[in-house]
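Visitor: Data file run04.pdb (PDB, C-alpha atoms) is appended below.
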MODEL        1
ATOM      1  CA  MET A1279      -5.651  11.903 -20.725
ATOM      2  CA  ALA A1280      -5.066  15.409 -19.354
ATOM      3  CA  CYS A1281      -4.789  16.170 -15.662
ATOM      4  CA  GLN A1282      -4.828  19.743 -14.332
ATOM      5  CA  GLY A1283      -4.263  20.790 -10.697
ATOM      6  CA  MET A1284      -5.214  24.120  -9.182
ATOM      7  CA  VAL A1285      -5.136  25.833  -5.782
ATOM      8  CA  SER A1286      -8.224  27.476  -4.316
ATOM      9  CA  LYS A1287      -8.768  29.501  -1.147
ATOM     10  CA  SER A1288     -10.546  26.544   0.441
ATOM     11  CA  GLY A1289      -7.674  24.107  -0.067
ATOM     12  CA  TYR A1290      -5.831  22.134  -2.669
ATOM     13  CA  TRP A1291      -8.033  21.092  -5.552
ATOM     14  CA  ILE A1292      -7.283  18.743  -8.376
ATOM     15  CA  GLN A1293      -9.216  18.532 -11.603
ATOM     16  CA  ILE A1294      -9.072  15.448 -13.786
ATOM     17  CA  VAL A1295     -10.237  15.759 -17.360
ATOM     18  CA  ASN A1296     -10.202  12.573 -19.378
ATOM     19  CA  TYR A1297     -10.077  13.070 -23.130
ATOM     20  CA  ALA A1298     -10.495  10.553 -25.914
ATOM     21  CA  TYR A1299      -8.571  11.016 -29.143
ATOM     22  CA  SER A1300      -8.795   9.605 -32.626
ATOM     23  CA  THR A1301      -6.625  10.030 -35.703
ATOM     24  CA  LYS A1302      -9.228  12.274 -37.321
ATOM     25  CA  HIS A1303     -10.727  14.478 -34.670
ATOM     26  CA  PHE A1304     -10.857  15.476 -31.018
ATOM     27  CA  VAL A1305     -13.591  13.833 -28.985
ATOM     28  CA  LYS A1306     -15.308  15.465 -25.999
ATOM     29  CA  PRO A1307     -14.123  14.604 -22.491
ATOM     30  CA  THR A1308     -15.334  11.213 -21.235
ATOM     31  CA  PHE A1309     -15.309  12.423 -17.627
ATOM     32  CA  ILE A1310     -14.429  15.516 -15.613
ATOM     33  CA  ILE A1311     -13.901  15.230 -11.868
ATOM     34  CA  SER A1312     -12.902  18.021  -9.485
ATOM     35  CA  MET A1313     -12.249  17.499  -5.790
ATOM     36  CA  ASN A1314     -10.735  19.211  -2.820
ATOM     37  CA  LEU A1315      -7.916  16.923  -1.677
ATOM     38  CA  ASP A1316      -7.735  18.527   1.778
ATOM     39  CA  GLU A1317     -11.404  17.759   2.332
ATOM     40  CA  CYS A1318     -10.967  14.305   0.811
ATOM     41  CA  PHE A1319      -8.090  13.499   3.158
ATOM     42  CA  GLU A1320     -10.023  14.580   6.260
ATOM     43  CA  HIS A1321     -13.095  12.603   5.204
ATOM     44  CA  VAL A1322     -11.161   9.380   4.630
ATOM     45  CA  LEU A1323      -9.029   9.814   7.751
ATOM     46  CA  ALA A1324     -12.218   9.932   9.823
ATOM     47  CA  LEU A1325     -13.475   6.768   8.114
ATOM     48  CA  VAL A1326     -10.171   4.994   8.769
ATOM     49  CA  GLU A1327     -10.196   6.000  12.431
ATOM     50  CA  SER A1328     -13.744   4.703  12.837
ATOM     51  CA  ALA A1329     -12.993   1.428  11.042
ATOM     52  CA  GLY A1330      -9.814   1.049  13.053
ATOM     53  CA  GLN A1331     -11.819   0.875  16.255
ATOM     54  CA  VAL A1332     -13.506  -2.271  14.936
ATOM     55  CA  ILE A1333     -10.091  -3.898  14.476
ATOM     56  CA  ALA A1334      -8.835  -2.767  17.879
ATOM     57  CA  ALA A1335     -11.942  -3.998  19.673
ATOM     58  CA  ARG A1336     -11.727  -7.433  18.072
ATOM     59  CA  ASN A1337      -7.981  -8.034  18.150
ATOM     60  CA  SER A1338      -8.072 -10.094  21.351
ATOM     61  CA  GLN A1339     -11.335 -11.894  20.502
ATOM     62  CA  ARG A1340     -11.786 -15.234  18.769
ATOM     63  CA  LYS A1341     -12.246 -14.842  15.019
ATOM     64  CA  THR A1342     -14.149 -16.689  12.329
ATOM     65  CA  VAL A1343     -11.465 -17.486   9.737
ATOM     66  CA  VAL A1344     -11.763 -18.526   6.091
ATOM     67  CA  GLN A1345      -8.813 -19.815   4.043
ATOM     68  CA  LYS A1346      -8.295 -18.200   0.638
ATOM     69  CA  SER A1347      -5.448 -19.469  -1.587
ATOM     70  CA  SER A1348      -3.813 -21.528   1.182
ATOM     71  CA  ASN A1349      -3.972 -22.224   4.917
ATOM     72  CA  ILE A1350      -1.731 -19.201   5.529
ATOM     73  CA  ASP A1351      -3.757 -16.836   3.300
ATOM     74  CA  LEU A1352      -6.584 -15.898   5.631
ATOM     75  CA  LEU A1353      -9.797 -13.891   5.666
ATOM     76  CA  THR A1354     -11.903 -12.822   8.651
ATOM     77  CA  GLU A1355     -15.312 -11.196   8.817
ATOM     78  CA  THR A1356     -13.519  -8.097  10.118
ATOM     79  CA  ASP A1357     -11.533  -7.800   6.842
ATOM     80  CA  GLN A1358     -14.805  -7.791   4.919
ATOM     81  CA  GLN A1359     -16.623  -5.426   7.281
ATOM     82  CA  VAL A1360     -13.804  -2.870   7.399
ATOM     83  CA  GLU A1361     -13.405  -2.853   3.610
ATOM     84  CA  ARG A1362     -17.146  -2.333   3.176
ATOM     85  CA  MET A1363     -17.181   0.484   5.762
ATOM     86  CA  LEU A1364     -14.417   2.293   3.887
ATOM     87  CA  MET A1365     -15.867   1.776   0.408
ATOM     88  CA  ASP A1366     -19.394   2.765   1.419
ATOM     89  CA  GLY A1367     -18.141   5.820   3.296
ATOM     90  CA  ILE A1368     -16.093   6.998   0.321
ATOM     91  CA  SER A1369     -18.764   6.217  -2.279
ATOM     92  CA  SER A1370     -21.392   8.178  -0.369
ATOM     93  CA  LYS A1371     -19.339  11.356  -0.832
ATOM     94  CA  TYR A1372     -17.427  10.514  -4.011
ATOM     95  CA  PRO A1373     -19.678   8.267  -6.122
ATOM     96  CA  ASP A1374     -17.386   8.472  -9.173
ATOM     97  CA  HIS A1375     -14.341   7.110  -7.358
ATOM     98  CA  ARG A1376     -13.153   3.570  -8.021
ATOM     99  CA  PHE A1377     -11.639   0.907  -5.794
ATOM    100  CA  ILE A1378      -9.046  -1.827  -5.752
ATOM    101  CA  GLY A1379      -9.688  -3.730  -2.532
ATOM    102  CA  GLU A1380      -8.096  -6.923  -1.267
ATOM    103  CA  GLU A1381     -11.299  -8.661  -0.275
ATOM    104  CA  GLU A1382     -13.417  -7.735  -3.297
ATOM    105  CA  THR A1383     -10.526  -8.807  -5.521
ATOM    106  CA  SER A1384     -10.356 -12.159  -3.702
ATOM    107  CA  GLU A1385     -14.037 -12.587  -4.622
ATOM    108  CA  GLY A1386     -13.149 -12.513  -8.315
ATOM    109  CA  LYS A1387     -13.259  -8.823  -9.274
ATOM    110  CA  LYS A1388     -10.283  -7.899 -11.427
ATOM    111  CA  ALA A1389      -7.928  -5.233 -10.096
ATOM    112  CA  GLU A1390      -7.801  -2.418 -12.652
ATOM    113  CA  LEU A1391      -5.832   0.789 -12.179
ATOM    114  CA  THR A1392      -6.965   3.569 -14.530
ATOM    115  CA  GLU A1393      -6.658   7.355 -14.674
ATOM    116  CA  ALA A1394      -9.817   7.749 -12.594
ATOM    117  CA  PRO A1395      -9.528   8.497  -8.848
ATOM    118  CA  THR A1396      -8.919   5.069  -7.336
ATOM    119  CA  TRP A1397      -8.655   3.990  -3.712
ATOM    120  CA  ILE A1398      -6.375   1.004  -3.130
ATOM    121  CA  ILE A1399      -7.369  -0.636   0.154
ATOM    122  CA  ASP A1400      -6.127  -3.376   2.440
ATOM    123  CA  PRO A1401      -8.690  -3.419   5.271
ATOM    124  CA  VAL A1402      -6.535  -5.552   7.598
ATOM    125  CA  ASP A1403      -2.915  -5.849   6.510
ATOM    126  CA  GLY A1404      -1.423  -8.484   8.756
ATOM    127  CA  THR A1405      -4.479 -10.757   8.952
ATOM    128  CA  MET A1406      -2.393 -13.642  10.318
ATOM    129  CA  ASN A1407      -1.280 -11.360  13.155
ATOM    130  CA  PHE A1408      -4.885 -10.305  13.743
ATOM    131  CA  VAL A1409      -6.053 -13.929  13.881
ATOM    132  CA  HIS A1410      -3.429 -14.645  16.553
ATOM    133  CA  SER A1411      -4.081 -11.370  18.458
ATOM    134  CA  PHE A1412      -0.526 -10.223  17.694
ATOM    135  CA  PRO A1413      -0.924  -6.417  17.884
ATOM    136  CA  HIS A1414       0.708  -5.560  14.560
ATOM    137  CA  SER A1415      -2.057  -5.120  11.968
ATOM    138  CA  CYS A1416      -3.238  -2.066  10.098
ATOM    139  CA  ILE A1417      -5.562  -0.461   7.609
ATOM    140  CA  SER A1418      -3.665   0.586   4.498
ATOM    141  CA  ILE A1419      -5.356   2.945   2.040
ATOM    142  CA  ALA A1420      -4.098   5.155  -0.787
ATOM    143  CA  LEU A1421      -5.748   7.452  -3.320
ATOM    144  CA  LEU A1422      -4.280   7.514  -6.816
ATOM    145  CA  VAL A1423      -5.405  10.075  -9.384
ATOM    146  CA  ASP A1424      -4.181   9.615 -12.942
ATOM    147  CA  ARG A1425      -2.105   6.746 -11.469
ATOM    148  CA  VAL A1426      -0.270   9.199  -9.171
ATOM    149  CA  ALA A1427      -0.525   8.713  -5.397
ATOM    150  CA  GLU A1428      -2.052  11.743  -3.646
ATOM    151  CA  ILE A1429      -3.046  10.416  -0.203
ATOM    152  CA  ALA A1430      -1.725   7.587   1.991
ATOM    153  CA  ILE A1431      -2.858   6.361   5.401
ATOM    154  CA  ILE A1432      -1.476   3.373   7.317
ATOM    155  CA  TYR A1433      -3.182   2.964  10.690
ATOM    156  CA  ASN A1434      -2.433   0.408  13.409
ATOM    157  CA  PRO A1435      -5.341   1.117  15.770
ATOM    158  CA  ILE A1436      -4.205  -1.445  18.348
ATOM    159  CA  LEU A1437      -1.022   0.527  19.096
ATOM    160  CA  ASN A1438      -2.419   3.875  17.913
ATOM    161  CA  GLN A1439       0.168   4.332  15.152
ATOM    162  CA  LYS A1440      -1.290   6.596  12.461
ATOM    163  CA  PHE A1441       1.007   7.145   9.483
ATOM    164  CA  THR A1442      -0.156   9.703   6.910
ATOM    165  CA  ALA A1443       1.243  11.292   3.774
ATOM    166  CA  ARG A1444       0.129  13.728   1.102
ATOM    167  CA  ARG A1445       1.965  14.203  -2.164
ATOM    168  CA  GLY A1446       4.443  17.063  -1.741
ATOM    169  CA  LYS A1447       3.523  17.645   1.915
ATOM    170  CA  GLY A1448       5.695  15.166   3.821
ATOM    171  CA  ALA A1449       5.085  12.062   5.941
ATOM    172  CA  PHE A1450       3.799  11.955   9.508
ATOM    173  CA  LEU A1451       3.246   9.649  12.485
ATOM    174  CA  ASN A1452       0.420  10.837  14.739
ATOM    175  CA  GLY A1453       0.849  14.339  13.333
ATOM    176  CA  ASN A1454       4.610  14.526  13.810
ATOM    177  CA  ARG A1455       6.816  14.719  10.723
ATOM    178  CA  ILE A1456       8.982  11.644  10.108
ATOM    179  CA  SER A1457      11.927  10.895   7.843
ATOM    180  CA  VAL A1458      13.965   7.918   6.729
ATOM    181  CA  SER A1459      17.244   7.107   8.450
ATOM    182  CA  GLY A1460      19.444   8.030   5.499
ATOM    183  CA  GLU A1461      21.459   4.831   5.960
ATOM    184  CA  THR A1462      23.657   4.125   2.920
ATOM    185  CA  SER A1463      25.574   0.958   3.864
ATOM    186  CA  LEU A1464      24.333  -2.603   3.688
ATOM    187  CA  GLU A1465      26.352  -3.473   6.787
ATOM    188  CA  GLY A1466      24.562  -0.846   8.880
ATOM    189  CA  ALA A1467      21.058  -1.607   7.656
ATOM    190  CA  LEU A1468      18.141  -3.109   9.568
ATOM    191  CA  VAL A1469      15.958  -4.990   7.074
ATOM    192  CA  THR A1470      12.282  -5.963   6.997
ATOM    193  CA  THR A1471      10.807  -8.635   4.754
ATOM    194  CA  GLU A1472       8.095 -11.305   4.829
ATOM    195  CA  PHE A1473       7.728 -14.955   3.907
ATOM    196  CA  GLY A1474       4.379 -14.200   2.271
ATOM    197  CA  THR A1475       1.121 -16.133   1.975
ATOM    198  CA  SER A1476       2.148 -18.658  -0.676
ATOM    199  CA  ARG A1477       3.452 -22.203  -0.215
ATOM    200  CA  ASP A1478       4.821 -22.197  -3.760
ATOM    201  CA  GLU A1479       8.077 -24.161  -3.690
ATOM    202  CA  GLU A1480       9.931 -21.977  -6.201
ATOM    203  CA  LYS A1481       9.028 -18.782  -4.371
ATOM    204  CA  THR A1482       9.902 -20.272  -0.963
ATOM    205  CA  LYS A1483      13.312 -21.261  -2.307
ATOM    206  CA  VAL A1484      13.987 -17.678  -3.470
ATOM    207  CA  VAL A1485      12.739 -16.198  -0.180
ATOM    208  CA  LEU A1486      15.070 -18.409   1.868
ATOM    209  CA  GLU A1487      17.976 -17.835  -0.511
ATOM    210  CA  ASN A1488      17.664 -14.062  -0.165
ATOM    211  CA  ILE A1489      17.389 -14.242   3.611
ATOM    212  CA  GLY A1490      20.446 -16.486   3.696
ATOM    213  CA  LYS A1491      22.474 -14.029   1.640
ATOM    214  CA  LEU A1492      21.367 -10.873   3.415
ATOM    215  CA  VAL A1493      21.534 -12.111   6.987
ATOM    216  CA  ARG A1494      25.281 -12.500   6.549
ATOM    217  CA  LYS A1495      25.739  -8.908   5.367
ATOM    218  CA  VAL A1496      23.210  -6.651   7.079
ATOM    219  CA  HIS A1497      22.984  -5.373  10.644
ATOM    220  CA  GLY A1498      19.757  -7.271  11.342
ATOM    221  CA  MET A1499      16.527  -8.665   9.843
ATOM    222  CA  ARG A1500      12.927  -8.485  11.014
ATOM    223  CA  SER A1501       9.719 -10.155   9.818
ATOM    224  CA  LEU A1502       6.682  -8.834  11.691
ATOM    225  CA  GLY A1503       3.804  -9.857   9.442
ATOM    226  CA  SER A1504       2.590  -6.651   7.757
ATOM    227  CA  ALA A1505       3.960  -5.385   4.452
ATOM    228  CA  ALA A1506       2.403  -1.940   4.923
ATOM    229  CA  LEU A1507       3.822  -1.509   8.419
ATOM    230  CA  ASN A1508       7.221  -2.744   7.206
ATOM    231  CA  MET A1509       7.244   0.129   4.712
ATOM    232  CA  ALA A1510       6.040   2.502   7.412
ATOM    233  CA  MET A1511       9.034   1.480   9.520
ATOM    234  CA  VAL A1512      11.340   2.510   6.663
ATOM    235  CA  ALA A1513       9.559   5.875   6.457
ATOM    236  CA  LEU A1514       9.931   6.259  10.229
ATOM    237  CA  GLY A1515      13.649   5.543  10.126
ATOM    238  CA  GLY A1516      13.253   2.441  12.288
ATOM    239  CA  ALA A1517      14.164   0.121   9.425
ATOM    240  CA  ASP A1518      16.479   0.936   6.541
ATOM    241  CA  PHE A1519      15.067  -1.122   3.702
ATOM    242  CA  ASN A1520      12.201  -3.475   2.965
ATOM    243  CA  TYR A1521      11.759  -5.883   0.076
ATOM    244  CA  GLU A1522       9.196  -8.518  -0.821
ATOM    245  CA  PHE A1523       8.042 -10.674  -3.718
ATOM    246  CA  GLY A1524       4.407 -11.784  -4.012
ATOM    247  CA  ILE A1525       2.729  -8.846  -2.297
ATOM    248  CA  HIS A1526      -0.166  -6.983  -3.932
ATOM    249  CA  ALA A1527      -0.962  -3.384  -4.840
ATOM    250  CA  TRP A1528      -3.075  -2.965  -1.684
ATOM    251  CA  ASP A1529      -0.099  -3.981   0.466
ATOM    252  CA  ILE A1530       2.244  -1.302  -0.887
ATOM    253  CA  ALA A1531       0.315   1.606  -2.462
ATOM    254  CA  ALA A1532       0.124   3.654   0.736
ATOM    255  CA  GLY A1533       3.622   2.666   1.846
ATOM    256  CA  ASP A1534       5.074   3.807  -1.469
ATOM    257  CA  LEU A1535       3.903   7.405  -1.004
ATOM    258  CA  LEU A1536       4.729   7.374   2.704
ATOM    259  CA  VAL A1537       8.344   6.302   2.120
ATOM    260  CA  ARG A1538       8.907   8.767  -0.717
ATOM    261  CA  GLU A1539       7.427  11.664   1.266
ATOM    262  CA  ALA A1540       9.743  10.701   4.151
ATOM    263  CA  GLY A1541      12.737  11.101   1.826
ATOM    264  CA  GLY A1542      13.255   7.477   0.830
ATOM    265  CA  VAL A1543      13.039   5.614  -2.470
ATOM    266  CA  CYS A1544      10.685   2.929  -3.780
ATOM    267  CA  LEU A1545      11.569   0.843  -6.816
ATOM    268  CA  ASP A1546      11.393  -2.575  -8.400
ATOM    269  CA  PRO A1547      13.731  -5.086  -6.689
ATOM    270  CA  ALA A1548      15.648  -5.398  -9.974
ATOM    271  CA  GLY A1549      16.367  -1.670  -9.955
ATOM    272  CA  GLY A1550      13.748  -0.284 -12.340
ATOM    273  CA  PRO A1551      10.724   1.909 -11.569
ATOM    274  CA  LEU A1552       8.178   0.562  -9.106
ATOM    275  CA  ASP A1553       5.122  -0.999 -10.753
ATOM    276  CA  LEU A1554       2.331  -1.236  -8.178
ATOM    277  CA  MET A1555       0.687  -4.086 -10.089
ATOM    278  CA  SER A1556       3.841  -6.229 -10.425
ATOM    279  CA  ARG A1557       3.657  -7.756  -6.916
ATOM    280  CA  ARG A1558       7.297  -6.789  -6.240
ATOM    281  CA  VAL A1559       8.718  -3.990  -4.091
ATOM    282  CA  LEU A1560      11.938  -2.596  -2.681
ATOM    283  CA  CYS A1561      11.989   0.561  -0.574
ATOM    284  CA  ALA A1562      15.032   2.026   1.127
ATOM    285  CA  SER A1563      16.328   4.972   3.116
ATOM    286  CA  SER A1564      18.607   6.001   0.243
ATOM    287  CA  GLN A1565      19.241   5.259  -3.424
ATOM    288  CA  ALA A1566      22.795   4.206  -2.534
ATOM    289  CA  LEU A1567      21.482   1.516  -0.188
ATOM    290  CA  ALA A1568      18.827   0.395  -2.660
ATOM    291  CA  ASP A1569      21.479  -0.050  -5.352
ATOM    292  CA  GLN A1570      23.449  -2.391  -3.084
ATOM    293  CA  VAL A1571      20.347  -4.433  -2.249
ATOM    294  CA  VAL A1572      19.510  -4.871  -5.941
ATOM    295  CA  LEU A1573      22.907  -6.473  -6.510
ATOM    296  CA  GLU A1574      22.278  -9.006  -3.722
ATOM    297  CA  LEU A1575      18.724 -10.135  -4.440
ATOM    298  CA  THR A1576      17.804 -13.270  -6.336
ATOM    299  CA  GLN A1577      14.805 -12.195  -8.401
ATOM    300  CA  PHE A1578      11.337 -13.740  -8.474
ATOM    301  CA  TYR A1579       8.468 -12.621 -10.734
ATOM    302  CA  PRO A1580       5.063 -13.618  -9.293
ATOM    303  CA  GLU A1581       2.246 -14.617 -11.606
ATOM    304  CA  PRO A1582      -0.358 -13.489 -12.225
ATOM    305  CA  ARG A1583       0.162  -9.744 -11.875
ATOM    306  CA  ASP A1584      -2.500  -7.752 -10.065
TER     307      ASP A1584
ENDMDL
END
Output the file's structure in the form of structure tokens.

Guide:
Amino acid sequence: MACQGMVSKSGYWIQIVNYAYSTKHFVKPTFIISMNLDECFEHVLALVESAGQVIAARNSQRKTVVQKSSNIDLLTETDQQVERMLMDGISSKYPDHRFIGEEETSEGKKAELTEAPTWIIDPVDGTMNFVHSFPHSCISIALLVDRVAEIAIIYNPILNQKFTARRGKGAFLNGNRISVSGETSLEGALVTTEFGTSRDEEKTKVVLENIGKLVRKVHGMRSLGSAALNMAMVALGGADFNYEFGIHAWDIAAGDLLVREAGGVCLDPAGGPLDLMSRRVLCASSQALADQVVLELTQFYPEPRD
């Protein structure tokens, strides 16, 4: 795989050239894709804003709810409609782009992250909140090219909180630049985490054990029902670190870029590099704080991976 970026007068362009190799000879490119990332960002932001109005309009209404893996893992018709709106809107302009979406994955399609431009989408992150009309849900969407995040949008349309990030261009809330708090001490840290959507006894034991350990050492803990918005709060400087086991790539892909562009760090809860498909995440306002959290956490490795 070779990936080449270039700047044009009309904006930032990226060109992806995928090559196949053999031991004997060079094979022609299997695909070549060029796109203007500025134009791409504006196109998808408009789609997200439009889809967000569907969520906002329905937040206080009664919902038709389907249970997925358990009675706390929920799906509404709005999840499905919003995901389809986003995928159709992107595919109409970028037919070669691929998707990893929460709802299509729940229908049996395997999540596969390749070098090709791939949109990782959670149409309603915080579905339990949405079902209960608790105004803390969002659309979370990220574009990865050659497995590198280029665009991130996390949008809570109910409270009009629009978090955006572009690789190398910073992180923003409603157009205003944001940054992490820079907190370095465990004792001064406000923490976000979630209980998750699994009733698995082993995982529940680890979740409660970690909360029990941290609540005695940190400044405070919050659990507000949206993994993406938890990460956005770290990027904003409102929270100092967030960790969770059992989440999925669509919960954290946008938050990963947002936190890093805001000056924070994202990594595996055991201290290694973040693997979006591992269903584990730790993000923090500083590496020094993250290192302290790693020493405290009891580890859990969800199966299967995404």

Visitor: Quick one: apply the PyMOL selection byres ((chain A and resi 1479-1489) around 9) to the file and drop the selected residues here as a ChimeraX atom specification.

Guide: /A:1471-1474,1476-1478,1490-1494,1499,1522-1524,1574-1580

Visitor: Take atom CA of Glu1317 of chain A and atom CA of Arg1362 of chain A and report the distance between them in Å, one decimal.

Guide: 20.9 Å

Visitor: Skip Asp1546 of chain A itself and residues of its chain fewer than 6 positions away, then list as a list of chain:residue names all residues within 8 Å of it, counting all atoms listed in the file.

Guide: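 Answer for this query is A:Leu1552, A:Asp1553, A:Arg1558, A:Val1559, A:Leu1560.
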
Visitor: Would you kindly translate the PyMOL selection byres ((chain A and resi 1340) around 10) into the concrete residues it picks from this file, as a list of chain:residue names?

Guide: A:Arg1336, A:Asn1337, A:Ser1338, A:Gln1339, A:Lys1341, A:Thr1342, A:Val1343, A:Phe1408, A:Val1409, A:His1410, A:Ser1411

Visitor: Counting only C-alpha atoms, which residues sit no farther than 7 Å from the position (-10.1, -3.4, 2.1) in the file's frame? I'd like them as a PDB file with C-alpha atoms, in the coordinates of the input.

Guide:
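That gives us part13.pdb:
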ATOM      1  CA  ASP A1357     -11.533  -7.800   6.842  1.00  0.00           C
ATOM      2  CA  VAL A1360     -13.804  -2.870   7.399  1.00  0.00           C
ATOM      3  CA  GLU A1361     -13.405  -2.853   3.610  1.00  0.00           C
ATOM      4  CA  GLY A1379      -9.688  -3.730  -2.532  1.00  0.00           C
ATOM      5  CA  GLU A1380      -8.096  -6.923  -1.267  1.00  0.00           C
ATOM      6  CA  GLU A1381     -11.299  -8.661  -0.275  1.00  0.00           C
ATOM      7  CA  ILE A1399      -7.369  -0.636   0.154  1.00  0.00           C
ATOM      8  CA  ASP A1400      -6.127  -3.376   2.440  1.00  0.00           C
ATOM      9  CA  PRO A1401      -8.690  -3.419   5.271  1.00  0.00           C
ATOM     10  CA  VAL A1402      -6.535  -5.552   7.598  1.00  0.00           C
TER      11      VAL A1402
END

Visitor: If I wrap all listed atoms of segment 1396-1410 of chain A in a box with edges along x, y and z and add 5 Å on each side, what are its centre and edge lengths in Å to one decimal, as lines of an AutoDock Vina configuration file?

Guide:
center_x = -5.1
center_y = -4.8
center_z = 4.6
size_x = 17.6
size_y = 29.7
size_z = 33.9

Visitor: So what do you get for atom CA of Met1365 of chain A versus atom CA of Phe1377 of chain A, distance-wise?

Guide: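 One can read the atom CA of Met1365 of chain A to atom CA of Phe1377 of chain A distance as 7.6 Å.
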
Visitor: Generate the coordinates of all heavy atoms for segment 1556-1562 of chain A; report them as a tab-separated table (two decimals), in the coordinates of the input.

Guide:
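This went into out_12.tsv:
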chain	number	residue	atom	x	y	z
A	1556	SER	N	2.89	-5.16	-10.11
A	1556	SER	CA	3.84	-6.23	-10.42
A	1556	SER	C	4.02	-7.24	-9.30
A	1556	SER	O	4.62	-8.29	-9.49
A	1556	SER	CB	5.21	-5.64	-10.75
A	1556	SER	OG	5.84	-5.13	-9.58
A	1557	ARG	N	3.54	-6.89	-8.10
A	1557	ARG	CA	3.66	-7.76	-6.92
A	1557	ARG	C	5.12	-7.90	-6.46
A	1557	ARG	O	5.52	-8.92	-5.93
A	1557	ARG	CB	3.01	-9.12	-7.17
A	1557	ARG	CG	1.54	-9.03	-7.58
A	1557	ARG	CD	0.91	-10.38	-7.80
A	1557	ARG	NE	1.00	-11.16	-6.56
A	1557	ARG	CZ	0.85	-12.49	-6.53
A	1557	ARG	NH1	0.66	-13.15	-7.66
A	1557	ARG	NH2	0.93	-13.13	-5.38
A	1558	ARG	N	5.89	-6.84	-6.64
A	1558	ARG	CA	7.30	-6.79	-6.24
A	1558	ARG	C	7.59	-5.40	-5.70
A	1558	ARG	O	7.11	-4.40	-6.25
A	1558	ARG	CB	8.21	-7.04	-7.45
A	1558	ARG	CG	8.08	-8.39	-8.08
A	1558	ARG	CD	8.60	-8.43	-9.53
A	1558	ARG	NE	9.87	-7.76	-9.72
A	1558	ARG	CZ	11.07	-8.35	-9.56
A	1558	ARG	NH1	11.14	-9.62	-9.19
A	1558	ARG	NH2	12.18	-7.68	-9.77
A	1559	VAL	N	8.40	-5.31	-4.64
A	1559	VAL	CA	8.72	-3.99	-4.09
A	1559	VAL	C	10.07	-4.01	-3.39
A	1559	VAL	O	10.47	-5.01	-2.78
A	1559	VAL	CB	7.62	-3.51	-3.11
A	1559	VAL	CG1	7.63	-4.33	-1.83
A	1559	VAL	CG2	7.77	-2.02	-2.80
A	1560	LEU	N	10.76	-2.89	-3.48
A	1560	LEU	CA	11.94	-2.60	-2.68
A	1560	LEU	C	11.85	-1.13	-2.30
A	1560	LEU	O	11.69	-0.27	-3.17
A	1560	LEU	CB	13.23	-2.85	-3.47
A	1560	LEU	CG	14.53	-2.29	-2.88
A	1560	LEU	CD1	14.83	-2.91	-1.52
A	1560	LEU	CD2	15.70	-2.49	-3.84
A	1561	CYS	N	11.90	-0.83	-1.01
A	1561	CYS	CA	11.99	0.56	-0.57
A	1561	CYS	C	13.17	0.69	0.37
A	1561	CYS	O	13.53	-0.26	1.08
A	1561	CYS	CB	10.70	1.04	0.08
A	1561	CYS	SG	10.25	0.21	1.61
A	1562	ALA	N	13.80	1.85	0.36
A	1562	ALA	CA	15.03	2.03	1.13
A	1562	ALA	C	15.18	3.47	1.57
A	1562	ALA	O	14.57	4.39	1.03
A	1562	ALA	CB	16.24	1.60	0.29
